[in-house]
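Dumped data_19.txt below, it's compact mmCIF, C-alpha atoms and all ligand atoms:
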```txt
# COMPACT_ATOMS: atom_id res chain seq x y z
CA MET A 1 147.16 115.23 83.39
CA GLN A 2 145.18 114.31 80.32
CA ARG A 3 142.53 112.82 82.50
CA LEU A 4 142.43 115.94 84.59
CA SER A 5 141.99 118.20 81.58
CA PHE A 6 139.23 115.91 80.35
CA ILE A 7 137.43 116.30 83.67
CA ALA A 8 138.02 120.06 83.46
CA PHE A 9 136.53 120.01 79.98
CA ILE A 10 133.42 118.17 81.17
CA LEU A 11 133.04 120.57 84.09
CA PHE A 12 133.40 123.52 81.73
CA GLN A 13 130.73 122.05 79.48
CA LEU A 14 128.41 121.53 82.42
CA VAL A 15 128.81 125.07 83.68
CA PHE A 16 129.09 127.04 80.47
CA GLY A 17 127.87 124.67 77.81
CA GLN A 18 124.20 124.95 78.69
CA HIS A 19 123.48 128.08 76.70
CA ALA A 20 125.68 127.27 73.72
CA HIS A 21 123.88 127.12 70.41
CA SER A 22 124.26 124.14 68.15
CA ASP A 23 123.63 124.70 64.45
CA ALA A 24 120.19 123.13 64.83
CA ASP A 25 118.94 125.32 67.67
CA ARG A 26 120.38 128.62 66.41
CA ARG A 27 117.64 128.74 63.79
CA ILE A 28 115.37 131.66 64.72
CA SER A 29 111.87 130.36 65.31
CA PHE A 30 108.57 132.20 65.87
CA PRO A 31 105.09 130.80 65.29
CA ASP A 32 102.82 131.95 62.46
CA ILE A 33 99.95 134.20 63.55
CA LYS A 34 96.28 133.97 62.61
CA GLY A 35 95.97 134.48 58.86
CA TYR A 36 99.67 135.11 58.23
CA LYS A 37 103.02 133.39 57.98
CA THR A 38 105.74 134.84 60.19
CA LEU A 39 108.71 135.51 57.92
CA ILE A 40 112.06 136.08 59.62
CA CYS A 41 113.92 138.81 57.75
CA ASP A 42 117.17 140.72 57.97
CA LEU A 43 116.68 143.75 55.74
CA HIS A 44 120.09 145.41 56.13
CA THR A 45 123.41 143.66 55.34
CA HIS A 46 126.82 144.55 53.87
CA THR A 47 129.61 142.66 52.10
CA VAL A 48 132.98 143.60 50.58
CA PHE A 49 130.97 145.29 47.81
CA SER A 50 130.64 148.22 50.22
CA ASP A 51 132.25 148.31 53.69
CA GLY A 52 131.53 144.75 54.88
CA SER A 53 134.27 142.19 55.48
CA VAL A 54 132.87 139.09 53.78
CA TRP A 55 131.98 137.80 50.33
CA PRO A 56 128.22 137.42 49.61
CA SER A 57 128.41 133.60 49.86
CA ILE A 58 129.08 133.99 53.62
CA ARG A 59 125.96 136.15 54.07
CA VAL A 60 123.88 133.39 52.47
CA ALA A 61 125.46 130.68 54.62
CA GLU A 62 124.89 132.71 57.79
CA ALA A 63 121.28 133.45 56.86
CA ASN A 64 120.62 129.76 56.26
CA LYS A 65 122.25 128.82 59.57
CA ASP A 66 120.00 131.38 61.31
CA GLY A 67 116.91 129.97 59.58
CA LEU A 68 116.04 133.30 57.95
CA ASP A 69 113.30 133.48 55.32
CA ALA A 70 114.73 136.56 53.61
CA ILE A 71 117.73 138.88 53.51
CA ALA A 72 118.14 142.19 51.73
CA VAL A 73 121.43 143.09 50.06
CA THR A 74 121.99 146.76 50.92
CA GLU A 75 125.46 147.96 49.95
CA HIS A 76 126.21 151.66 50.40
CA ILE A 77 125.93 153.54 47.13
CA GLU A 78 128.17 156.41 48.20
CA TYR A 79 130.61 154.64 50.52
CA GLN A 80 132.94 152.29 48.63
CA PRO A 81 136.16 151.89 50.65
CA TYR A 82 137.39 148.80 48.72
CA LYS A 83 136.82 150.24 45.26
CA GLU A 84 140.56 150.15 44.47
CA ASP A 85 140.71 146.38 45.07
CA ILE A 86 137.16 145.54 44.08
CA PRO A 87 136.05 147.85 41.28
CA HIS A 88 132.29 148.05 41.40
CA PRO A 89 130.96 149.48 38.14
CA ASP A 90 127.69 147.53 38.25
CA ARG A 91 126.08 148.13 41.62
CA ASN A 92 123.77 145.14 41.22
CA ARG A 93 126.70 142.72 41.40
CA SER A 94 126.41 141.96 45.13
CA TYR A 95 122.73 141.09 44.76
CA ASP A 96 123.37 138.95 41.65
CA LEU A 97 126.01 136.91 43.50
CA THR A 98 123.90 136.59 46.66
CA LYS A 99 120.96 135.37 44.62
CA LYS A 100 123.16 132.82 42.87
CA TYR A 101 124.51 131.44 46.16
CA ALA A 102 120.99 131.26 47.63
CA LYS A 103 119.59 129.37 44.67
CA LYS A 104 119.76 125.93 46.26
CA SER A 105 118.14 127.10 49.51
CA GLU A 106 114.75 128.42 50.59
CA LEU A 107 116.21 131.86 51.31
CA LEU A 108 114.54 134.82 49.57
CA VAL A 109 117.02 137.46 48.47
CA ILE A 110 115.82 141.06 48.16
CA ALA A 111 117.68 143.50 45.92
CA GLY A 112 118.41 146.73 47.76
CA THR A 113 120.85 149.51 48.43
CA GLU A 114 121.75 151.95 51.18
CA ILE A 115 121.33 155.56 50.06
CA THR A 116 124.13 157.03 52.16
CA LYS A 117 123.79 160.79 52.65
CA SER A 118 124.80 163.10 55.48
CA MET A 119 122.08 164.08 57.96
CA PRO A 120 119.49 165.18 56.96
CA PRO A 121 118.14 162.86 55.70
CA GLY A 122 121.02 160.50 56.64
CA HIS A 123 120.99 156.87 55.49
CA SER A 124 118.03 154.96 54.08
CA ASN A 125 117.63 151.51 52.61
CA ALA A 126 115.68 151.14 49.41
CA ILE A 127 114.71 147.48 48.99
CA PHE A 128 112.87 145.61 46.24
CA VAL A 129 114.74 147.74 43.69
CA LYS A 130 115.30 146.73 40.08
CA ASP A 131 118.53 148.57 39.20
CA VAL A 132 120.77 150.13 41.86
CA ASN A 133 122.80 152.00 39.20
CA LYS A 134 119.81 154.19 38.44
CA ILE A 135 119.43 155.17 42.12
CA MET A 136 122.93 156.69 42.31
CA ASN A 137 122.55 160.47 42.44
CA ASP A 138 124.21 163.36 44.27
CA ASP A 139 120.77 164.82 44.95
CA TYR A 140 119.14 162.69 47.62
CA ILE A 141 115.61 163.50 46.45
CA LYS A 142 116.45 162.14 43.00
CA SER A 143 117.73 158.91 44.58
CA TYR A 144 114.50 158.44 46.55
CA GLU A 145 112.41 159.22 43.48
CA ALA A 146 114.37 156.72 41.38
CA ALA A 147 113.83 154.09 44.08
CA ARG A 148 110.08 154.77 44.17
CA LYS A 149 109.94 154.59 40.38
CA GLN A 150 111.24 151.02 40.75
CA GLY A 151 108.53 150.23 43.29
CA ALA A 152 110.96 150.15 46.22
CA PHE A 153 110.07 150.04 49.91
CA THR A 154 112.32 152.61 51.62
CA PHE A 155 113.12 152.94 55.31
CA TRP A 156 115.11 155.45 57.37
CA ASN A 157 118.22 153.77 58.79
CA HIS A 158 119.49 154.31 62.32
CA PRO A 159 118.03 157.84 62.77
CA HIS A 160 119.54 157.78 66.29
CA TRP A 161 123.07 156.79 65.18
CA ILE A 162 125.67 158.75 67.15
CA GLY A 163 127.77 159.00 64.00
CA GLN A 164 125.17 161.48 62.73
CA ARG A 165 123.29 162.49 65.92
CA LYS A 166 125.79 163.04 68.74
CA ASP A 167 123.21 162.72 71.54
CA ALA A 168 121.43 159.73 69.92
CA SER A 169 118.15 161.66 69.80
CA VAL A 170 115.92 161.45 66.74
CA LYS A 171 114.96 164.61 64.90
CA VAL A 172 112.34 164.56 62.21
CA TYR A 173 113.95 167.17 59.97
CA GLU A 174 111.87 169.08 57.44
CA GLU A 175 113.64 167.07 54.75
CA VAL A 176 112.54 163.81 56.34
CA GLU A 177 108.99 165.04 56.86
CA GLU A 178 108.87 165.90 53.17
CA LEU A 179 110.03 162.39 52.23
CA ILE A 180 107.31 160.91 54.44
CA ASN A 181 104.61 163.25 53.09
CA LYS A 182 105.60 162.50 49.49
CA ARG A 183 105.43 158.75 50.24
CA LEU A 184 109.13 158.38 49.47
CA LEU A 185 109.87 156.94 52.94
CA HIS A 186 107.80 154.09 54.33
CA GLY A 187 109.59 152.65 57.34
CA ILE A 188 112.09 153.39 60.09
CA GLU A 189 114.71 151.38 61.96
CA VAL A 190 113.75 151.40 65.64
CA THR A 191 116.79 149.23 66.33
CA ASN A 192 119.98 149.02 64.30
CA GLU A 193 122.84 146.64 64.95
CA ARG A 194 123.19 146.67 68.77
CA THR A 195 121.39 149.99 69.32
CA TYR A 196 117.79 150.85 70.22
CA SER A 197 115.72 154.05 70.08
CA ASP A 198 112.49 154.82 71.95
CA GLN A 199 112.33 158.08 70.00
CA ALA A 200 112.42 156.18 66.70
CA ILE A 201 109.53 154.02 67.97
CA GLN A 202 107.58 157.21 68.71
CA VAL A 203 108.33 158.56 65.23
CA ALA A 204 107.08 155.29 63.72
CA LEU A 205 103.83 155.63 65.70
CA ASP A 206 103.38 159.36 64.97
CA HIS A 207 103.98 159.03 61.22
CA ASP A 208 102.60 155.53 60.71
CA LEU A 209 105.92 154.16 59.47
CA THR A 210 106.71 150.44 59.38
CA MET A 211 108.93 149.41 62.29
CA ILE A 212 112.15 147.72 61.20
CA GLY A 213 115.05 146.19 63.16
CA THR A 214 118.17 144.98 61.37
CA SER A 215 121.62 143.53 61.96
CA ASP A 216 123.35 145.98 59.57
CA VAL A 217 126.00 143.26 59.70
CA HIS A 218 129.48 144.12 58.38
CA ASN A 219 131.58 141.34 59.98
CA LEU A 220 130.65 137.77 60.77
CA VAL A 221 127.18 137.60 62.30
CA ASP A 222 128.47 135.10 64.90
CA TRP A 223 131.03 137.61 66.17
CA ASP A 224 128.76 140.64 66.17
CA TYR A 225 125.87 138.89 67.95
CA LYS A 226 127.69 136.20 69.96
CA ILE A 227 125.48 133.52 68.47
CA PRO A 228 127.63 130.58 69.70
CA GLN A 229 127.12 131.94 73.23
CA GLY A 230 123.34 131.98 72.83
CA GLY A 231 122.83 135.42 71.24
CA HIS A 232 120.69 136.12 68.20
CA ARG A 233 120.87 138.56 65.32
CA PRO A 234 118.22 141.30 65.38
CA VAL A 235 115.51 140.58 62.82
CA THR A 236 112.23 141.94 61.55
CA LEU A 237 109.35 139.46 61.76
CA VAL A 238 107.08 140.18 58.80
CA PHE A 239 103.51 138.82 58.73
CA SER A 240 102.86 137.78 55.15
CA LYS A 241 100.08 135.85 53.42
CA ARG A 242 102.63 133.60 51.73
CA LYS A 243 106.38 133.21 51.59
CA ASN A 244 107.29 135.05 48.41
CA LEU A 245 108.83 138.42 47.54
CA LYS A 246 105.58 139.97 46.31
CA ASP A 247 103.63 139.24 49.49
CA LEU A 248 106.60 140.16 51.68
CA LYS A 249 106.85 143.57 50.01
CA ARG A 250 103.11 144.18 50.38
CA SER A 251 103.29 143.26 54.07
CA LEU A 252 106.09 145.80 54.63
CA PHE A 253 104.07 148.54 52.93
CA GLN A 254 101.14 147.61 55.17
CA GLY A 255 103.30 147.82 58.29
CA ARG A 256 102.84 144.20 59.43
CA THR A 257 106.06 143.82 61.43
CA VAL A 258 107.50 143.09 64.84
CA VAL A 259 111.18 143.63 65.60
CA TRP A 260 113.10 141.05 67.65
CA PHE A 261 116.10 142.70 69.30
CA LYS A 262 118.11 141.41 72.31
CA ASN A 263 115.17 139.19 73.27
CA ILE A 264 112.73 142.15 73.14
CA LEU A 265 109.74 142.24 70.79
CA ILE A 266 108.93 145.71 69.47
CA GLY A 267 105.94 146.63 67.32
CA LYS A 268 102.53 148.17 67.02
CA ASN A 269 100.06 146.50 69.37
CA GLU A 270 98.06 145.38 66.36
CA TRP A 271 100.92 142.97 65.48
CA ILE A 272 102.51 142.37 68.88
CA ALA A 273 99.20 141.08 70.30
CA PRO A 274 98.64 138.25 67.79
CA LEU A 275 102.32 137.28 67.96
CA ILE A 276 102.19 136.95 71.76
CA ASP A 277 98.88 135.07 71.51
CA ALA A 278 100.50 132.59 69.12
CA SER A 279 103.70 132.38 71.17
CA LEU A 280 102.16 131.68 74.59
CA THR A 281 99.31 129.21 74.93
CA ILE A 282 97.76 127.17 77.72
CA ASP A 283 99.31 123.72 77.49
CA SER A 284 97.10 122.19 80.17
CA ALA A 285 95.12 123.22 83.23
CA GLY A 286 93.66 121.32 86.14
CA PHE A 287 92.89 121.29 89.80
CA TYR A 288 95.25 119.78 92.39
CA LYS A 289 92.80 117.52 94.16
CA ASP A 290 94.61 117.30 97.51
CA TYR A 291 95.01 121.07 97.85
CA GLU A 292 93.17 124.22 96.86
CA LEU A 293 95.47 125.01 93.95
CA GLY A 294 94.72 125.51 90.29
CA ILE A 295 97.59 124.35 88.09
CA VAL A 296 98.04 126.04 84.72
CA LYS A 297 100.86 125.18 82.34
CA ILE A 298 101.85 127.83 79.79
CA LYS A 299 103.78 126.83 76.68
CA ASN A 300 106.20 129.16 74.89
CA HIS A 301 106.32 128.36 71.16
CA SER A 302 108.90 131.03 70.35
CA ASP A 303 112.60 131.87 70.62
CA SER A 304 111.88 134.79 72.93
CA ARG A 305 112.41 134.41 76.68
CA PHE A 306 109.17 135.85 78.01
CA ILE A 307 109.17 137.95 81.17
CA LEU A 308 105.64 138.34 82.54
CA LYS A 309 104.41 140.53 85.39
CA ASN A 310 101.30 139.30 87.14
CA LYS A 311 98.30 141.63 86.90
CA SER A 312 95.58 139.26 88.15
CA PRO A 313 94.35 139.11 91.76
CA TYR A 314 95.96 135.69 92.37
CA ASP A 315 99.39 134.87 93.77
CA PHE A 316 101.49 131.92 92.70
CA TYR A 317 102.78 129.15 94.95
CA GLN A 318 106.05 128.87 92.99
CA HIS A 319 106.64 132.40 91.71
CA SER A 320 106.62 136.05 92.66
CA ASP A 321 104.73 138.46 90.42
CA LEU A 322 107.49 137.96 87.84
CA VAL A 323 107.37 134.80 85.75
CA GLU A 324 109.98 133.92 83.15
CA ILE A 325 109.22 131.43 80.42
CA GLN A 326 112.24 130.12 78.55
CA PRO A 327 112.10 129.66 74.75
CA HIS A 328 110.24 126.54 73.59
CA SER A 329 109.45 125.39 77.10
CA VAL A 330 106.50 124.86 79.43
CA LYS A 331 106.02 126.77 82.69
CA GLN A 332 103.86 125.49 85.53
CA LEU A 333 101.89 128.10 87.49
CA SER A 334 100.22 127.14 90.77
CA ILE A 335 97.38 129.52 91.49
CA VAL A 336 96.85 130.62 95.10
CA SER A 337 93.20 131.60 95.13
CA GLY A 338 92.13 130.78 98.67
CA LYS A 339 89.30 128.68 97.33
CA ASN A 340 88.51 126.14 94.68
CA ILE A 341 88.17 128.05 91.45
CA SER A 342 87.25 126.69 88.07
CA ASP A 343 86.87 129.64 85.73
CA PHE A 344 89.24 132.60 85.94
CA ASN A 345 91.51 134.87 83.93
CA LEU A 346 95.24 135.24 84.30
CA GLU A 347 96.49 138.61 83.13
CA PHE A 348 100.12 139.57 82.66
CA GLU A 349 102.06 142.58 81.48
CA VAL A 350 104.60 141.31 78.94
CA LEU A 351 107.78 143.09 80.01
CA ASN A 352 109.92 141.86 77.12
CA ALA A 353 107.54 143.39 74.57
CA ILE A 354 107.19 147.07 73.70
CA ILE A 355 104.27 148.78 71.89
CA ALA A 356 105.32 152.40 72.59
CA PRO A 357 108.18 153.92 74.60
CA SER A 358 108.15 152.31 78.09
CA THR A 359 104.79 150.70 77.34
CA HIS A 360 104.27 146.96 77.54
CA PRO A 361 101.30 145.01 76.21
CA THR A 362 99.20 142.65 78.31
CA ILE A 363 98.12 139.09 77.67
CA THR A 364 95.08 137.42 79.19
CA PHE A 365 94.68 133.66 79.46
CA SER A 366 91.10 132.55 80.05
CA VAL A 367 91.19 129.40 82.11
CA ARG A 368 87.89 127.51 82.03
CA ASN A 369 86.39 124.43 83.68
CA ILE A 370 89.54 123.30 85.42
CA GLY A 371 87.44 122.02 88.32
CA GLU A 372 86.65 119.05 86.10
CA VAL A 373 90.31 118.11 85.61
CA GLU A 374 91.59 116.58 88.82
CA LEU A 375 95.35 116.37 89.15
CA LYS A 376 97.36 114.18 91.54
CA ASP A 377 101.00 114.27 92.62
CA VAL A 378 101.78 117.69 91.17
CA LYS A 379 105.53 118.40 91.39
CA PHE A 380 106.68 121.79 92.67
ZN ZN A 401 124.02 153.32 57.49
ZN ZN A 402 124.35 149.87 56.65
```
Once you've parsed the file, please lay out its structure as structure tokens.
Ligand SMILES: [Zn+2]
Ligand SMILES: [Zn+2]
Amino acid sequence: MQRLSFIAFILFQLVFGQHAHSDADRRISFPDIKGYKTLICDLHTHTVFSDGSVWPSIRVAEANKDGLDAIAVTEHIEYQPYKEDIPHPDRNRSYDLTKKYAKKSELLVIAGTEITKSMPPGHSNAIFVKDVNKIMNDDYIKSYEAARKQGAFTFWNHPHWIGQRKDASVKVYEEVEELINKRLLHGIEVTNERTYSDQAIQVALDHDLTMIGTSDVHNLVDWDYKIPQGGHRPVTLVFSKRKNLKDLKRSLFQGRTVVWFKNILIGKNEWIAPLIDASLTIDSAGFYKDYELGIVKIKNHSDSRFILKNKSPYDFYQHSDLVEIQPHSVKQLSIVSGKNISDFNLEFEVLNAIIAPSTHPTITFSVRNIGEVELKDVKF
């Protein structure tokens, strides 16, 4: 019996164990882009100091397990369901504790708060604040002004949230427009927790707001995002000159972000393009001597599973027009050209990346001089 259950265990591991994450490979990993470091950030988190279920030490441990560069502590100002058990007179307490727990790690901790008003303008996170107590105000405009006075970067949270917009549409209310025009609002969540909004992406493009995606985690991140089963928490990739709070804040004000959400990359083309260029590179290319086939190997340096749609005039011997490249792996493409070719371009639409609603960017690989690299015994 014991032997049988052992065999069952091994079988289970073989079938289901493949996509399980170990602590080492759950670390979120994206390459740096030209001129910038790629910082992996979760800019929206809760603990028992508002309506979350964990102590700040757990948020730090989770962030370090996920290999994050930075987290923001963003407790609700107005929503304090545990106040009876955890009195919260100093609203900077959650940040102070988080910072203390993160001291021995490389994790940057950003002081923030969630200004929690009814719609409009709804919820916003003010991050890089100096004193949350001074942001507390019944008048939302006064809260935003206090945040700006402290030099905060402020973004509109979940504008599509069904809790405040029953049909999940995004409406740029007059009040919100005023906040944008007065430079009191600088970014917008295009994804929040497990939800996504094309309309929020359009608002970001129309109003030149920084695109943000966050976990808004309240429970354990492993439960909410099924990380042991191969899931990942949604994060904002921020392109920063260096890894420090000052440069990170500047990068957010300058809109240098890409959101990673359920394997999809979302951002302005200006930042999606260099990220894809850094993520997918030609590993090697050559010519299969015995046949008229160019062989190009593409390497994926990122955690994203890329889904590419062929846009070039060539077919592939091993693939349809859809090519998937698993994270941190190499994909072999065999080019059916009908003749020996040496210099050519491969162009793909990147289906798992979004630069505007229903709009995917393209990537072009220029393959050169492969006629000079003769390959033998290529495996298909
Ligand atoms: Zn909220
Ligand atoms: Zn929240």
(request) Dump the neighbourhood of ligand ZN 402 (chain A) as a PyMOL selection string: all residues within 7 Å, distances computed on all atoms listed in the file. (result) chain A and resi 44-46+74+76+114+216
(message) To check your reading of the model: which residues sit at most 12 Å from ligand ZN 401 (chain A) when counting only C-alpha atoms and all ligand atoms? Write the answer as a PyMOL selection string.
(response) chain A and resi 44-46+50-52+74-79+113-119+121-126+155-164+189+192-193+214-218
(request) Could you please determine the separation between atom CA of A:Val296 and atom CA of A:Leu351 in Å, to one decimal place? (result)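 Between atom CA of A:Val296 and atom CA of A:Leu351 the gap is 20.2 Å.
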(request) Mind giving me the straight-line distance from atom CA of A:Thr191 to atom CA of A:Leu205 in Å, one decimal? (result)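 Atom CA of A:Leu205 lies at a distance of 14.5 Å from atom CA of A:Thr191.
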Would you list the contacts of stretch 266-279 of chain A as an mmCIF file with C-alpha atoms, in the frame of the given file, taking every protein, DNA or RNA residue within 6 Å and counting all atoms listed in the file, but skipping same-chain residues closer than 3 positions in sequence?
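Heads up, here's the output in part.cif:
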```cif
data_model
loop_
_atom_site.group_PDB
_atom_site.id
_atom_site.type_symbol
_atom_site.label_atom_id
_atom_site.label_comp_id
_atom_site.auth_asym_id
_atom_site.auth_seq_id
_atom_site.Cartn_x
_atom_site.Cartn_y
_atom_site.Cartn_z
ATOM 1 C CA ILE A 33 99.950 134.200 63.550
ATOM 2 C CA VAL A 258 107.500 143.090 64.840
ATOM 3 C CA VAL A 259 111.180 143.630 65.600
ATOM 4 C CA ASN A 300 106.200 129.160 74.890
ATOM 5 C CA HIS A 301 106.320 128.360 71.160
ATOM 6 C CA SER A 302 108.900 131.030 70.350
ATOM 7 C CA ALA A 353 107.540 143.390 74.570
ATOM 8 C CA ILE A 354 107.190 147.070 73.700
ATOM 9 C CA ILE A 355 104.270 148.780 71.890
#
```
(request) Mind giving me the straight-line distance from atom CA of A:Lys34 to atom CA of A:Arg256 in Å, one decimal? (result) 12.6 Å
Centre and edge lengths, as JSON, for the axis-aligned box enclosing every listed atom of stretch 286-299 of chain A with 8 Å of padding on each of the six sides, in Å to one decimal?
```
{"center_x": 98.3, "center_y": 122.6, "center_z": 87.3, "size_x": 27.0, "size_y": 26.5, "size_z": 37.2}
```
(message) Residues near A:Glu145, anyone? I mean within 12 Å using only C-alpha atoms, not counting same-chain ones fewer than 3 positions away, as a list in words.
(response)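 In the requested format, the answer is Ile115, Ala126, Val129, Lys134, Ile135, Met136, Asn137, Asp139, Tyr140, Ile141, Lys142, Arg148, Lys149, Gln150, Gly151, Ala152, Phe153, Thr154, Leu179, Lys182, Arg183, Leu184 and Leu185 of chain A.
With all atoms listed in the file as the atoms that count, the residue of A:Phe348, A:Phe239, A:Phe128, A:Phe316 with the shortest distance to A:Pro361 is A:Phe348.
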(request) Quick one: everything within 9 Å of A:His88, counting all atoms listed in the file, minus sequence neighbours fewer than 5 positions away in the same chain. Send it as a VMD selection string. (result) chain A and resid 49 to 50 80 82 to 83 93
Emit the selected residues as an mmCIF file, in the coordinates of the input, including C-alpha atoms.
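Saved as part_30.cif:
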```cif
data_model
loop_
_atom_site.group_PDB
_atom_site.id
_atom_site.type_symbol
_atom_site.label_atom_id
_atom_site.label_comp_id
_atom_site.auth_asym_id
_atom_site.auth_seq_id
_atom_site.Cartn_x
_atom_site.Cartn_y
_atom_site.Cartn_z
ATOM 1 C CA PHE A 49 130.970 145.290 47.810
ATOM 2 C CA SER A 50 130.640 148.220 50.220
ATOM 3 C CA GLN A 80 132.940 152.290 48.630
ATOM 4 C CA TYR A 82 137.390 148.800 48.720
ATOM 5 C CA LYS A 83 136.820 150.240 45.260
ATOM 6 C CA ARG A 93 126.700 142.720 41.400
#
```
(request) Quick one: residues within 12 Å of (130.6, 138.7, 62.9) (file frame), counting only C-alpha atoms, please, as a ChimeraX atom specification. (result) /A:45-47,52-54,58-59,62,193,215-228,231-233
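Residues surrounding stretch 323-325 of chain A within 8 Å are Asn300, Arg305, Phe306, Ile307, Leu308, Lys309, Asn310 and Lys331 of chain A [only C-alpha atoms; sequence separation below 6 positions excluded].
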(request) Considering all atoms listed in the file, return as a ChimeraX atom specification whatever protein or nucleic-acid residues lie within 7 Å of A:Ile282, sequence-local ones (same chain, fewer than 2 positions apart) excluded. (result) /A:284,297-299
(message) Let me make sure I understand: among A:Leu252, A:Val367, A:Ala24, A:Ile295, which one has the smallest atom-to-atom distance to A:Val238 if we use all atoms listed in the file?
(response)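 For A:Val238, the nearest of the candidates is A:Leu252.
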Where atoms are lacking, stretch 244-259 of chain A completed to N, CA and C atoms, as a PDB file, keeping the file's coordinate frame:
```
ATOM      1  N   ASN A 244     106.719 134.674  49.699  1.00  0.00           N
ATOM      2  CA  ASN A 244     107.290 135.050  48.410  1.00  0.00           C
ATOM      3  C   ASN A 244     107.584 136.554  48.445  1.00  0.00           C
ATOM      4  N   LEU A 245     108.373 137.019  47.500  1.00  0.00           N
ATOM      5  CA  LEU A 245     108.830 138.420  47.540  1.00  0.00           C
ATOM      6  C   LEU A 245     107.672 139.405  47.397  1.00  0.00           C
ATOM      7  N   LYS A 246     106.701 139.061  46.565  1.00  0.00           N
ATOM      8  CA  LYS A 246     105.580 139.970  46.310  1.00  0.00           C
ATOM      9  C   LYS A 246     104.764 140.197  47.588  1.00  0.00           C
ATOM     10  N   ASP A 247     104.423 139.119  48.253  1.00  0.00           N
ATOM     11  CA  ASP A 247     103.630 139.240  49.490  1.00  0.00           C
ATOM     12  C   ASP A 247     104.431 139.885  50.614  1.00  0.00           C
ATOM     13  N   LEU A 248     105.729 139.571  50.647  1.00  0.00           N
ATOM     14  CA  LEU A 248     106.600 140.160  51.680  1.00  0.00           C
ATOM     15  C   LEU A 248     106.644 141.680  51.514  1.00  0.00           C
ATOM     16  N   LYS A 249     106.796 142.131  50.275  1.00  0.00           N
ATOM     17  CA  LYS A 249     106.850 143.570  50.010  1.00  0.00           C
ATOM     18  C   LYS A 249     105.514 144.233  50.403  1.00  0.00           C
ATOM     19  N   ARG A 250     104.417 143.618  50.036  1.00  0.00           N
ATOM     20  CA  ARG A 250     103.110 144.180  50.380  1.00  0.00           C
ATOM     21  C   ARG A 250     102.960 144.289  51.896  1.00  0.00           C
ATOM     22  N   SER A 251     103.410 143.266  52.609  1.00  0.00           N
ATOM     23  CA  SER A 251     103.290 143.260  54.070  1.00  0.00           C
ATOM     24  C   SER A 251     104.097 144.400  54.686  1.00  0.00           C
ATOM     25  N   LEU A 252     105.267 144.693  54.117  1.00  0.00           N
ATOM     26  CA  LEU A 252     106.090 145.800  54.630  1.00  0.00           C
ATOM     27  C   LEU A 252     105.378 147.130  54.400  1.00  0.00           C
ATOM     28  N   PHE A 253     104.816 147.309  53.206  1.00  0.00           N
ATOM     29  CA  PHE A 253     104.070 148.540  52.930  1.00  0.00           C
ATOM     30  C   PHE A 253     102.879 148.679  53.887  1.00  0.00           C
ATOM     31  N   GLN A 254     102.307 147.559  54.282  1.00  0.00           N
ATOM     32  CA  GLN A 254     101.140 147.610  55.170  1.00  0.00           C
ATOM     33  C   GLN A 254     101.535 147.635  56.653  1.00  0.00           C
ATOM     34  N   GLY A 255     102.827 147.631  56.915  1.00  0.00           N
ATOM     35  CA  GLY A 255     103.300 147.820  58.290  1.00  0.00           C
ATOM     36  C   GLY A 255     103.152 146.604  59.194  1.00  0.00           C
ATOM     37  N   ARG A 256     103.069 145.416  58.610  1.00  0.00           N
ATOM     38  CA  ARG A 256     102.840 144.200  59.430  1.00  0.00           C
ATOM     39  C   ARG A 256     104.168 143.627  59.922  1.00  0.00           C
ATOM     40  N   THR A 257     104.750 144.272  60.931  1.00  0.00           N
ATOM     41  CA  THR A 257     106.060 143.820  61.430  1.00  0.00           C
ATOM     42  C   THR A 257     106.134 143.837  62.950  1.00  0.00           C
ATOM     43  N   VAL A 258     107.045 143.005  63.450  1.00  0.00           N
ATOM     44  CA  VAL A 258     107.500 143.090  64.840  1.00  0.00           C
ATOM     45  C   VAL A 258     109.011 142.903  64.796  1.00  0.00           C
ATOM     46  N   VAL A 259     109.721 143.721  65.552  1.00  0.00           N
ATOM     47  CA  VAL A 259     111.180 143.630  65.600  1.00  0.00           C
ATOM     48  C   VAL A 259     111.580 142.741  66.776  1.00  0.00           C
TER      49      VAL A 259
END
```
